[in-house]
file work-v8.cif (mmCIF, C-alpha atoms)
data_coords
#
loop_
_atom_site.label_atom_id
_atom_site.label_comp_id
_atom_site.auth_asym_id
_atom_site.auth_seq_id
_atom_site.Cartn_x
_atom_site.Cartn_y
_atom_site.Cartn_z
CA MET L 1 76.54 113.59 122.68
CA PRO L 2 79.90 112.22 121.56
CA LEU L 3 81.67 113.90 118.68
CA ARG L 4 81.38 111.85 115.49
CA SER L 5 83.62 111.73 112.43
CA ALA L 6 82.41 112.43 108.92
CA ALA L 7 82.05 108.67 108.45
CA GLY L 8 79.99 108.27 111.60
CA ALA L 9 82.68 106.75 113.80
CA PRO L 10 83.17 108.16 117.30
CA VAL L 11 86.05 110.63 117.46
CA VAL L 12 87.47 111.20 120.92
CA PRO L 13 89.16 114.53 121.73
CA ALA L 14 92.53 113.94 123.35
CA SER L 15 91.44 115.65 126.55
CA ALA L 16 88.49 113.25 127.02
CA ALA L 17 89.98 109.99 125.69
CA PRO L 18 89.51 107.02 128.06
CA VAL L 19 93.16 106.05 127.79
CA VAL L 20 94.24 103.13 129.96
CA ALA L 21 97.88 104.26 129.99
CA PRO L 22 99.96 107.19 128.67
CA ASP L 23 100.68 107.24 124.93
CA ARG L 24 104.03 105.46 125.11
CA ALA L 25 103.43 103.34 128.21
CA ALA L 26 102.34 100.27 126.29
CA ALA L 27 105.37 100.50 124.06
CA GLU L 28 107.67 100.58 127.04
CA GLU L 29 106.42 97.23 128.30
CA VAL L 30 109.22 94.68 127.98
CA PRO L 31 108.44 92.03 125.34
CA ARG L 32 108.25 88.54 126.80
CA PRO L 33 109.62 85.84 124.48
CA VAL L 34 107.50 82.72 124.43
CA PRO L 35 108.83 79.15 124.66
CA GLY L 36 110.46 78.14 121.40
CA SER L 37 111.98 81.51 120.52
CA ASP L 38 115.17 80.78 122.48
CA ASP L 39 114.83 84.26 124.00
CA LEU L 40 115.91 85.95 120.80
CA PRO L 41 116.06 89.65 121.69
CA GLY L 42 113.17 91.66 120.39
CA ILE L 43 110.96 88.96 118.86
CA VAL L 44 108.00 87.26 120.55
CA LYS L 45 106.96 84.38 118.28
CA PRO L 46 108.87 81.09 117.93
CA LEU L 47 111.53 81.03 115.20
CA PRO L 48 112.24 77.43 114.19
CA ALA L 49 115.50 77.07 112.28
CA GLU L 50 113.79 75.23 109.42
CA TRP L 51 111.76 78.38 108.67
CA PHE L 52 114.03 81.28 109.59
CA VAL L 53 117.58 82.62 109.52
CA ARG L 54 118.15 84.82 112.56
CA HIS L 55 119.81 88.23 112.45
CA ASP L 56 119.81 89.76 115.95
CA THR L 57 116.36 91.36 116.37
CA ASN L 58 115.33 90.26 112.86
CA ALA L 59 114.28 86.95 111.33
CA GLU L 60 114.67 86.14 107.63
CA MET L 61 112.36 83.75 105.80
CA ARG L 62 114.06 80.68 104.32
CA TRP L 63 113.06 80.33 100.68
CA ASP L 64 113.52 76.56 100.69
CA ALA L 65 110.88 76.39 103.45
CA LEU L 66 108.24 77.39 100.89
CA ARG L 67 108.39 73.77 99.67
CA ASP L 68 108.09 70.57 101.70
CA ALA L 69 110.45 67.60 101.57
CA ASP L 70 108.58 66.15 98.56
CA GLY L 71 108.88 69.41 96.61
CA LYS L 72 105.21 70.26 97.03
CA PRO L 73 104.14 73.82 97.91
CA ALA L 74 104.15 74.53 101.64
CA VAL L 75 103.22 78.21 101.21
CA GLY L 76 100.81 79.68 98.66
CA ARG L 77 100.42 83.29 97.61
CA HIS L 78 100.25 84.38 101.25
CA VAL L 79 102.88 83.55 103.86
CA PRO L 80 101.32 82.25 107.09
CA VAL L 81 101.79 84.58 110.06
CA GLU L 82 103.97 82.07 111.90
CA ARG L 83 106.35 81.92 108.90
CA PHE L 84 106.36 85.64 108.04
CA PHE L 85 109.73 87.41 108.30
CA VAL L 86 110.33 89.92 111.11
CA ARG L 87 112.05 93.29 110.78
CA ASN L 88 112.48 95.18 114.05
CA HIS L 89 114.58 98.28 114.61
CA THR L 90 114.44 97.59 118.36
CA SER L 91 112.06 95.10 119.97
CA THR L 92 108.47 93.99 119.64
CA PRO L 93 106.21 95.94 122.03
CA LEU L 94 103.22 94.27 123.68
CA ILE L 95 100.38 96.78 123.40
CA ASP L 96 96.97 96.44 125.04
CA PRO L 97 94.45 96.75 122.17
CA VAL L 98 91.72 97.96 124.55
CA GLY L 99 93.73 100.93 125.77
CA TRP L 100 95.32 101.67 122.40
CA ARG L 101 94.39 104.93 120.66
CA LEU L 102 95.42 106.33 117.29
CA LYS L 103 96.12 110.05 117.70
CA LEU L 104 95.83 112.38 114.67
CA PHE L 105 96.86 116.01 114.69
CA GLY L 106 98.61 118.64 112.60
CA SER L 107 98.38 121.83 110.62
CA ALA L 108 96.29 120.18 107.87
CA LEU L 109 93.52 118.90 110.14
CA HIS L 110 90.44 120.93 111.07
CA GLY L 111 90.39 121.65 114.80
CA ALA L 112 93.38 119.47 115.73
CA PRO L 113 96.53 121.48 115.01
CA THR L 114 98.55 120.20 117.99
CA PRO L 115 98.98 116.92 119.91
CA GLU L 116 97.09 118.47 122.81
CA ARG L 117 94.03 118.98 120.58
CA ALA L 118 94.40 115.69 118.71
CA VAL L 119 91.57 113.48 117.45
CA ARG L 120 91.74 109.89 118.63
CA PHE L 121 90.35 106.63 117.33
CA ALA L 122 90.07 103.43 119.35
CA LEU L 123 90.35 100.07 117.62
CA ASP L 124 86.57 99.68 117.69
CA ASP L 125 86.24 103.10 116.03
CA LEU L 126 88.38 101.93 113.13
CA ARG L 127 86.31 98.78 112.81
CA GLU L 128 83.18 100.91 112.41
CA LEU L 129 84.64 102.57 109.32
CA PRO L 130 84.33 100.82 105.93
CA ALA L 131 86.68 97.83 105.88
CA THR L 132 89.01 97.05 102.98
CA ARG L 133 91.02 93.94 102.13
CA ILE L 134 94.17 94.08 100.04
CA ASP L 135 96.96 91.71 99.06
CA ALA L 136 100.34 93.32 99.51
CA LEU L 137 104.00 92.45 99.86
CA ILE L 138 106.05 93.82 102.73
CA GLU L 139 109.75 93.95 101.81
CA CYS L 140 112.66 95.47 103.66
CA ALA L 141 114.63 98.05 101.65
CA GLY L 142 117.77 96.06 102.51
CA ASN L 143 116.47 92.78 101.08
CA GLY L 144 119.37 91.28 99.12
CA ARG L 145 121.98 93.48 100.86
CA SER L 146 124.45 90.60 101.35
CA TYR L 147 124.79 90.17 97.57
CA PHE L 148 126.53 93.52 97.21
CA ASP L 149 129.43 91.85 99.00
CA ARG L 150 128.98 88.23 97.90
CA GLN L 151 128.60 88.99 94.19
CA GLN L 152 130.16 92.41 93.70
CA GLY L 153 132.78 92.68 96.43
CA GLU L 154 131.20 95.87 97.79
CA ARG L 155 130.32 95.44 101.44
CA ALA L 156 127.44 97.40 102.96
CA PRO L 157 126.87 97.46 106.73
CA GLY L 158 123.58 96.43 108.24
CA THR L 159 121.57 93.23 108.48
CA PRO L 160 123.05 90.77 105.93
CA TRP L 161 119.77 89.81 104.33
CA ALA L 162 119.78 87.34 101.45
CA LEU L 163 116.35 87.53 99.74
CA GLY L 164 114.14 86.51 102.66
CA SER L 165 113.16 89.85 104.20
CA ILE L 166 109.89 89.75 102.29
CA GLY L 167 106.42 88.32 102.73
CA SER L 168 103.02 88.46 101.09
CA ALA L 169 99.80 88.62 103.08
CA ASN L 170 96.15 89.53 102.85
CA TRP L 171 95.54 92.59 105.01
CA ARG L 172 92.21 93.87 106.33
CA GLY L 173 91.66 97.28 107.81
CA VAL L 174 90.53 100.77 106.92
CA ARG L 175 92.05 102.92 104.23
CA LEU L 176 94.23 105.66 105.63
CA ALA L 177 92.28 108.08 103.46
CA GLU L 178 89.06 107.20 105.34
CA VAL L 179 90.64 107.91 108.70
CA LEU L 180 92.27 111.15 107.56
CA ARG L 181 88.97 112.44 106.21
CA ALA L 182 87.10 111.35 109.32
CA ALA L 183 89.65 113.27 111.40
CA GLY L 184 89.10 116.49 109.44
CA LEU L 185 91.59 116.46 106.56
CA THR L 186 91.96 119.76 104.72
CA ASP L 187 93.08 120.37 101.16
CA ARG L 188 96.30 121.92 102.48
CA ALA L 189 97.79 118.53 103.40
CA VAL L 190 101.26 117.80 102.03
CA ASP L 191 102.70 115.01 104.20
CA VAL L 192 101.57 112.62 106.91
CA LEU L 193 103.95 111.27 109.56
CA PRO L 194 102.96 107.94 111.15
CA THR L 195 104.90 107.13 114.32
CA GLY L 196 105.29 103.69 115.87
CA LEU L 197 104.96 102.72 119.52
CA ASP L 198 108.14 100.66 119.52
CA PRO L 199 110.97 101.59 121.93
CA ASP L 200 113.33 104.37 120.87
CA TYR L 201 115.99 103.46 118.32
CA VAL L 202 119.48 104.13 119.66
CA LEU L 203 122.51 103.83 117.35
CA ASP L 204 126.11 104.66 118.27
CA GLY L 205 124.95 106.64 121.28
CA THR L 206 122.36 108.70 119.40
CA ASN L 207 118.70 108.31 120.34
CA TYR L 208 116.60 108.70 117.20
CA GLY L 209 113.29 108.18 118.99
CA PRO L 210 110.51 105.83 117.84
CA VAL L 211 110.42 104.72 114.20
CA ARG L 212 108.55 107.25 112.08
CA ARG L 213 108.66 108.20 108.42
CA PRO L 214 106.74 110.78 106.35
CA LEU L 215 104.42 109.69 103.57
CA PRO L 216 103.31 112.05 100.79
CA ILE L 217 99.62 112.83 100.94
CA ALA L 218 99.13 111.47 97.41
CA LYS L 219 100.27 107.99 98.47
CA ALA L 220 98.43 108.23 101.78
CA LEU L 221 95.16 108.89 99.92
CA ASP L 222 95.85 106.30 97.22
CA ASP L 223 96.28 102.78 98.58
CA ALA L 224 97.76 103.00 102.10
CA LEU L 225 95.89 100.86 104.63
CA LEU L 226 95.67 100.95 108.42
CA ALA L 227 95.55 97.18 108.93
CA TYR L 228 94.25 95.40 112.01
CA GLU L 229 94.08 91.89 110.49
CA MET L 230 96.61 89.74 108.66
CA ASN L 231 95.54 86.64 106.72
CA GLY L 232 92.09 86.70 108.31
CA ALA L 233 93.14 87.04 111.96
CA PRO L 234 94.01 89.96 114.28
CA LEU L 235 97.57 91.21 113.93
CA THR L 236 100.12 89.58 116.21
CA PRO L 237 102.72 91.60 118.18
CA ASP L 238 105.68 90.96 115.85
CA HIS L 239 103.68 92.15 112.84
CA GLY L 240 102.34 95.40 114.26
CA ALA L 241 99.44 94.67 116.64
CA PRO L 242 97.07 96.24 117.22
CA VAL L 243 97.33 98.39 114.05
CA ARG L 244 100.01 98.90 111.43
CA LEU L 245 100.33 100.79 108.18
CA VAL L 246 100.58 98.86 104.91
CA VAL L 247 101.92 100.84 101.94
CA PRO L 248 101.78 98.61 98.83
CA GLY L 249 104.78 98.60 96.50
CA TRP L 250 106.96 100.79 98.70
CA VAL L 251 109.97 99.89 100.85
CA GLY L 252 109.00 98.21 104.10
CA ILE L 253 109.97 101.12 106.32
CA ALA L 254 106.94 103.01 104.97
CA SER L 255 104.65 100.36 106.47
CA ILE L 256 105.08 101.54 110.07
CA LYS L 257 104.19 98.92 112.69
CA TRP L 258 102.40 99.60 116.00
CA VAL L 259 101.12 102.97 114.79
CA GLY L 260 100.31 105.30 117.68
CA SER L 261 100.05 108.73 116.06
CA ILE L 262 99.86 110.42 112.68
CA GLU L 263 100.80 114.03 112.09
CA VAL L 264 99.09 115.62 109.08
CA ALA L 265 100.96 118.71 107.90
CA ASP L 266 100.60 121.48 105.34
CA HIS L 267 104.36 121.38 104.73
CA PRO L 268 107.01 118.69 104.12
CA LEU L 269 107.87 116.60 107.17
CA ARG L 270 111.18 114.99 108.06
CA SER L 271 112.53 112.29 110.35
CA PRO L 272 115.81 110.38 110.49
CA TRP L 273 114.11 107.66 108.44
CA ASN L 274 113.83 109.89 105.37
CA THR L 275 116.94 112.05 105.90
CA GLU L 276 119.73 109.96 107.45
CA PHE L 277 118.36 106.49 106.65
CA TYR L 278 116.59 104.98 103.64
CA ARG L 279 118.25 107.19 101.05
CA MET L 280 121.01 106.37 98.57
CA PHE L 281 124.52 107.54 99.44
CA GLY L 282 127.73 106.72 97.60
CA PRO L 283 129.91 107.56 94.60
CA ALA L 284 127.09 107.00 92.09
CA HIS L 285 124.61 109.19 93.98
CA PRO L 286 124.30 112.94 94.65
CA PRO L 287 126.83 114.30 97.20
CA GLY L 288 124.08 114.95 99.74
CA GLY L 289 122.31 111.68 99.05
CA GLY L 290 119.44 110.75 96.78
CA PRO L 291 115.74 111.26 97.51
CA ALA L 292 113.93 109.22 100.15
CA LEU L 293 113.31 105.68 98.92
CA THR L 294 109.83 104.86 97.70
CA ALA L 295 109.03 101.96 95.33
CA GLN L 296 110.73 98.59 95.43
CA VAL L 297 112.70 97.17 92.49
CA VAL L 298 112.29 93.93 90.53
CA LYS L 299 113.63 90.74 92.15
CA SER L 300 113.50 86.97 91.71
CA ALA L 301 114.22 84.06 94.05
CA PHE L 302 114.34 80.27 93.82
CA GLU L 303 112.35 78.15 96.27
CA LEU L 304 115.49 76.13 96.81
CA ALA L 305 118.31 76.18 99.31
CA GLU L 306 121.64 77.57 98.17
CA GLY L 307 123.97 74.61 97.63
CA ALA L 308 121.07 72.17 97.22
CA ARG L 309 122.07 68.73 95.90
CA LEU L 310 120.25 67.52 92.79
CA THR L 311 120.55 64.15 91.08
CA ALA L 312 122.13 64.00 87.62
CA GLY L 313 120.26 62.35 84.76
CA ARG L 314 116.76 63.07 86.02
CA GLU L 315 114.34 65.90 85.46
CA HIS L 316 113.84 68.45 88.20
CA ARG L 317 111.10 71.03 88.44
CA LEU L 318 112.60 74.33 89.60
CA HIS L 319 110.26 76.76 91.33
CA GLY L 320 110.56 80.41 92.30
CA ARG L 321 108.86 83.76 92.67
CA SER L 322 109.38 87.20 91.11
CA TRP L 323 107.97 90.59 92.05
CA SER L 324 108.14 94.31 91.40
CA GLY L 325 107.08 97.37 93.38
CA THR L 326 105.73 99.25 90.38
CA ALA L 327 103.95 96.87 87.96
CA PRO L 328 102.91 93.24 87.48
CA VAL L 329 105.62 90.84 86.35
CA ARG L 330 105.45 90.17 82.61
CA LEU L 331 108.27 87.72 81.99
CA VAL L 332 110.55 85.43 84.00
CA GLU L 333 113.63 83.79 82.47
CA VAL L 334 115.87 81.15 84.03
CA SER L 335 119.46 80.20 83.31
CA THR L 336 120.94 76.89 84.46
CA ASP L 337 124.45 77.56 83.12
CA GLY L 338 125.53 80.70 84.95
CA GLY L 339 123.81 83.15 82.62
CA ARG L 340 125.05 81.97 79.22
CA GLY L 341 121.66 80.73 78.07
CA TRP L 342 118.15 81.67 79.16
CA ARG L 343 114.77 79.94 78.93
CA ARG L 344 111.32 81.34 79.61
CA ALA L 345 109.71 80.07 82.82
CA GLU L 346 106.06 79.08 83.11
CA LEU L 347 104.00 81.49 85.22
CA ALA L 348 101.67 79.80 87.69
CA GLU L 349 99.12 82.59 87.84
CA GLU L 350 98.07 85.84 86.25
CA PRO L 351 100.58 88.42 87.53
CA CYS L 352 99.31 91.30 89.61
CA ALA L 353 100.96 94.42 90.97
CA ALA L 354 99.98 93.59 94.55
CA GLY L 355 102.09 90.47 95.05
CA TRP L 356 104.70 88.12 93.73
CA THR L 357 104.30 85.80 90.75
CA ARG L 358 105.08 82.11 91.15
CA TRP L 359 106.85 80.36 88.31
CA SER L 360 108.52 77.05 87.42
CA ILE L 361 110.72 75.43 84.80
CA ASP L 362 112.04 71.92 84.12
CA TRP L 363 115.76 71.13 84.19
CA ARG L 364 117.53 67.85 83.50
CA PRO L 365 121.22 68.20 84.48
CA GLU L 366 123.47 65.58 82.96
CA ARG L 367 126.84 66.72 84.29
CA PRO L 368 127.69 66.25 87.97
CA GLY L 369 129.41 69.14 89.72
CA ARG L 370 128.70 72.70 90.73
CA HIS L 371 126.11 74.59 88.69
CA GLU L 372 124.85 78.15 88.94
CA LEU L 373 121.16 78.92 88.56
CA ARG L 374 119.90 82.41 87.80
CA ALA L 375 116.44 83.94 87.43
CA ARG L 376 115.48 87.35 86.11
CA ALA L 377 112.14 89.07 85.70
CA THR L 378 110.75 91.96 83.67
CA ASP L 379 107.61 93.83 84.70
CA HIS L 380 104.91 95.40 82.55
CA GLY L 381 106.52 98.80 82.97
CA GLY L 382 109.70 97.55 81.34
CA ALA L 383 111.79 97.39 84.53
CA GLY L 384 114.04 94.36 84.81
CA GLN L 385 117.02 92.93 86.66
CA PRO L 386 120.54 94.01 85.63
CA GLU L 387 123.65 91.85 85.91
CA ARG L 388 125.08 94.28 88.47
CA ALA L 389 123.39 96.60 90.96
CA VAL L 390 124.61 100.17 91.42
CA PHE L 391 126.23 100.25 94.86
CA ASN L 392 125.00 102.46 97.67
CA ARG L 393 126.50 102.86 101.12
CA GLU L 394 123.58 101.34 103.04
CA GLY L 395 123.01 98.40 100.69
CA TYR L 396 119.44 99.24 99.71
CA LEU L 397 117.42 97.97 96.73
CA PHE L 398 119.71 95.22 95.44
CA GLY L 399 117.87 94.23 92.27
CA ALA L 400 120.55 92.47 90.22
CA VAL L 401 120.28 88.86 89.08
CA VAL L 402 121.31 86.60 91.97
CA ALA L 403 123.65 83.66 91.38
CA HIS L 404 122.16 80.57 93.05
CA PRO L 405 124.67 77.71 93.41
CA VAL L 406 123.59 74.04 93.41
CA THR L 407 125.51 70.77 93.24
CA VAL L 408 124.55 68.00 90.84
CA VAL L 409 125.50 64.48 92.04
#

call {"tool": "encode", "arguments": {"input": "work-v8.cif", "output": "structure tokens"}}
result
Amino acid sequence: MPLRSAAGAPVVPASAAPVVAPDRAAAEEVPRPVPGSDDLPGIVKPLPAEWFVRHDTNAEMRWDALRDADGKPAVGRHVPVERFFVRNHTSTPLIDPVGWRLKLFGSALHGAPTPERAVRFALDDLRELPATRIDALIECAGNGRSYFDRQQGERAPGTPWALGSIGSANWRGVRLAEVLRAAGLTDRAVDVLPTGLDPDYVLDGTNYGPVRRPLPIAKALDDALLAYEMNGAPLTPDHGAPVRLVVPGWVGIASIKWVGSIEVADHPLRSPWNTEFYRMFGPAHPPGGGPALTAQVVKSAFELAEGARLTAGREHRLHGRSWSGTAPVRLVEVSTDGGRGWRRAELAEEPCAAGWTRWSIDWRPERPGRHELRARATDHGGAGQPERAVFNREGYLFGAVVAHPVTVV
């Protein structure tokens, strides 16, 4: 009889797993861009210019695309898959979902201390476990990086994101806690280390291997999800198919795409993504760098193009969204005069910690010329947006108020 997990799902020992190809073989398949993507390296789906700003192997969402030409909403609480931003360290792998297996092993699992003795789950095995749906934002830690330079004159290397490396979706899958327990989790667990099946990340001649980043067991057992659906449909390649991790509230790097294995250890785990990358370095931070990044900061964005032209002498309805990684948004304020005066915006829905909050405010500009809009939010935990963000070498977590220029004609 086949071995069964504590939840009743089949658990396949590594030695007997009906694997179609070696662990990394699917990841090594060369992604094939489809018509419409202009062969952008690393991304499979089409990237129309009216929806995205392209950054090499990444694609940033255009905030003005959340509204149509008449100013009506084009995107609700959830961003459609075809419009969702893409963050790739290398390129999107095409992985056969039938041959895919999730391998779990480590010193804090009963009977599976090494990769050779790992427990494996097929996609159908995960679907037999209790399913969970959650709303969650995915946001790159570098979202807003370009404003360190544009607003503060402090340039940080890396992808020059504005505020569009973020998206909200409804995710369906199985809680990571369910899978860990089904695989034989012990009370000695300290960290888990999910590893992606994307090609190795090579930077300046150094091969860092596949993307992988430890997650404390407390967060893993709290709200982390192994997702196989996004907005009611199976995951697509660019967004982690066949299975990805979703870690609500935390920086996007924690939500590993194309998960192939998870180490479960009774001691702290490390990878370049929590030692060399995704930590704060710089004059305002400890000499050896700050701790590994976890929760996101408060941000706000207008659903309006920078430099948009608005007519003088008529009323305009300004729209935007605010969010926080730690608590629901409590208050959003908008300035139409460069920050001298502030008015409270109207919230479109009851704020929740799992997503962004949409808001709007009326503005009737009388004076033609250049104007500077600003928006700032405060969450229920008291966190808000400062006038200036503390600089760090990699340009992470820019949470200051963003100056949004428009022209009144």

call {"tool": "residues_around", "arguments": {"input": "work-v8.cif", "residues": "L:Pro405", "least_positions_apart": "6", "cutoff": "10 Å", "atoms": "only C-alpha atoms", "output": "list in words"}}
result
Leu304, Ala305, Glu306, Gly307, Ala308, Arg309, Thr336, Gly338, Arg370, His371, Glu372, Leu373 and Arg374 of chain L

call {"tool": "axis_aligned_box", "arguments": {"input": "work-v8.cif", "around": "stretch 274-290 of chain L", "padding_each_side": "6 Å", "output": "lines of an AutoDock Vina configuration file"}}
result
center_x = 121.9
center_y = 110.0
center_z = 99.8
size_x = 28.1
size_y = 22.0
size_z = 27.4

call {"tool": "atom_distance", "arguments": {"input": "work-v8.cif", "atom1": "atom CA of L:Leu193", "atom2": "atom CA of L:Leu269"}}
result
7.0 Å

call {"tool": "resolve_selection", "arguments": {"input": "work-v8.cif", "expression": "the PyMOL selection byres ((chain L and resi 191) around 6)", "output": "ChimeraX atom specification"}}
result
/L:190,192,215-217,265,268

call {"tool": "atom_distance", "arguments": {"input": "work-v8.cif", "atom1": "atom CA of L:Arg172", "atom2": "atom CA of L:Arg133"}}
result
4.4 Å

call {"tool": "atom_distance", "arguments": {"input": "work-v8.cif", "atom1": "atom CA of L:Pro48", "atom2": "atom CA of L:Ala74"}}
result
15.2 Å

call {"tool": "residues_around", "arguments": {"input": "work-v8.cif", "residues": "stretch 231-235 of chain L", "least_positions_apart": "3", "cutoff": "10 Å", "atoms": "only C-alpha atoms", "output": "PyMOL selection string"}}
result
chain L and resi 78-81+133+135+168-172+227-228+238-244+258

call {"tool": "resolve_selection", "arguments": {"input": "work-v8.cif", "expression": "the PyMOL selection byres ((chain L and resi 151) around 10)", "output": "VMD selection string"}}
result
chain L and resid 146 to 150 152 to 155 388 to 389 400 to 403

call {"tool": "resolve_selection", "arguments": {"input": "work-v8.cif", "expression": "the PyMOL selection byres ((chain L and resi 408) around 8)", "output": "NGL selection string"}}
result
:L and (309-312 or 365 or 367-371 or 406-407 or 409)

call {"tool": "closest_residue", "arguments": {"input": "work-v8.cif", "among": "L:Pro248, L:Pro272, L:Gly111, L:Gly339", "to": "L:Pro210", "atoms": "only C-alpha atoms"}}
result
L:Pro272

call {"tool": "closest_residue", "arguments": {"input": "work-v8.cif", "among": "L:Arg127, L:Arg67, L:Lys299, L:Arg330", "to": "L:Arg317", "atoms": "all atoms listed in the file"}}
result
L:Arg67

call {"tool": "closest_residue", "arguments": {"input": "work-v8.cif", "among": "L:Pro97, L:Pro386, L:Gly76, L:Pro291", "to": "L:Gly167", "atoms": "only C-alpha atoms"}}
result
L:Gly76

call {"tool": "closest_residue", "arguments": {"input": "work-v8.cif", "among": "L:Gly158, L:Pro73, L:Gly320, L:Pro237", "to": "L:Ser91", "atoms": "all atoms listed in the file"}}
result
L:Pro237

call {"tool": "residues_around", "arguments": {"input": "work-v8.cif", "residues": "L:Ala224", "least_positions_apart": "2", "cutoff": "7 Å", "atoms": "all atoms listed in the file", "output": "PyMOL selection string"}}
result
chain L and resi 175-176+219-222+226+245-248

call {"tool": "write_last_selection", "arguments": {"input": "work-v8.cif", "atoms": "C-alpha atoms", "output": "PDB file, in the frame of the given file"}}
result
ATOM      1  CA  ARG L 175      92.050 102.920 104.230  1.00  0.00           C
ATOM      2  CA  LEU L 176      94.230 105.660 105.630  1.00  0.00           C
ATOM      3  CA  LYS L 219     100.270 107.990  98.470  1.00  0.00           C
ATOM      4  CA  ALA L 220      98.430 108.230 101.780  1.00  0.00           C
ATOM      5  CA  LEU L 221      95.160 108.890  99.920  1.00  0.00           C
ATOM      6  CA  ASP L 222      95.850 106.300  97.220  1.00  0.00           C
ATOM      7  CA  LEU L 226      95.670 100.950 108.420  1.00  0.00           C
ATOM      8  CA  LEU L 245     100.330 100.790 108.180  1.00  0.00           C
ATOM      9  CA  VAL L 246     100.580  98.860 104.910  1.00  0.00           C
ATOM     10  CA  VAL L 247     101.920 100.840 101.940  1.00  0.00           C
ATOM     11  CA  PRO L 248     101.780  98.610  98.830  1.00  0.00           C
TER      12      PRO L 248
END

call {"tool": "residues_near_point", "arguments": {"input": "work-v8.cif", "point": "(105.5, 84.5, 113.7)", "cutoff": "12 Å", "atoms": "all atoms listed in the file", "output": "PyMOL selection string"}}
result
chain L and resi 33-34+36-37+43-48+51-52+58-61+79-87+92+167+230+235-240

call {"tool": "closest_residue", "arguments": {"input": "work-v8.cif", "among": "L:Asp266, L:Asp64, L:Asp200, L:Asp56", "to": "L:Ser107", "atoms": "all atoms listed in the file"}}
result
L:Asp266
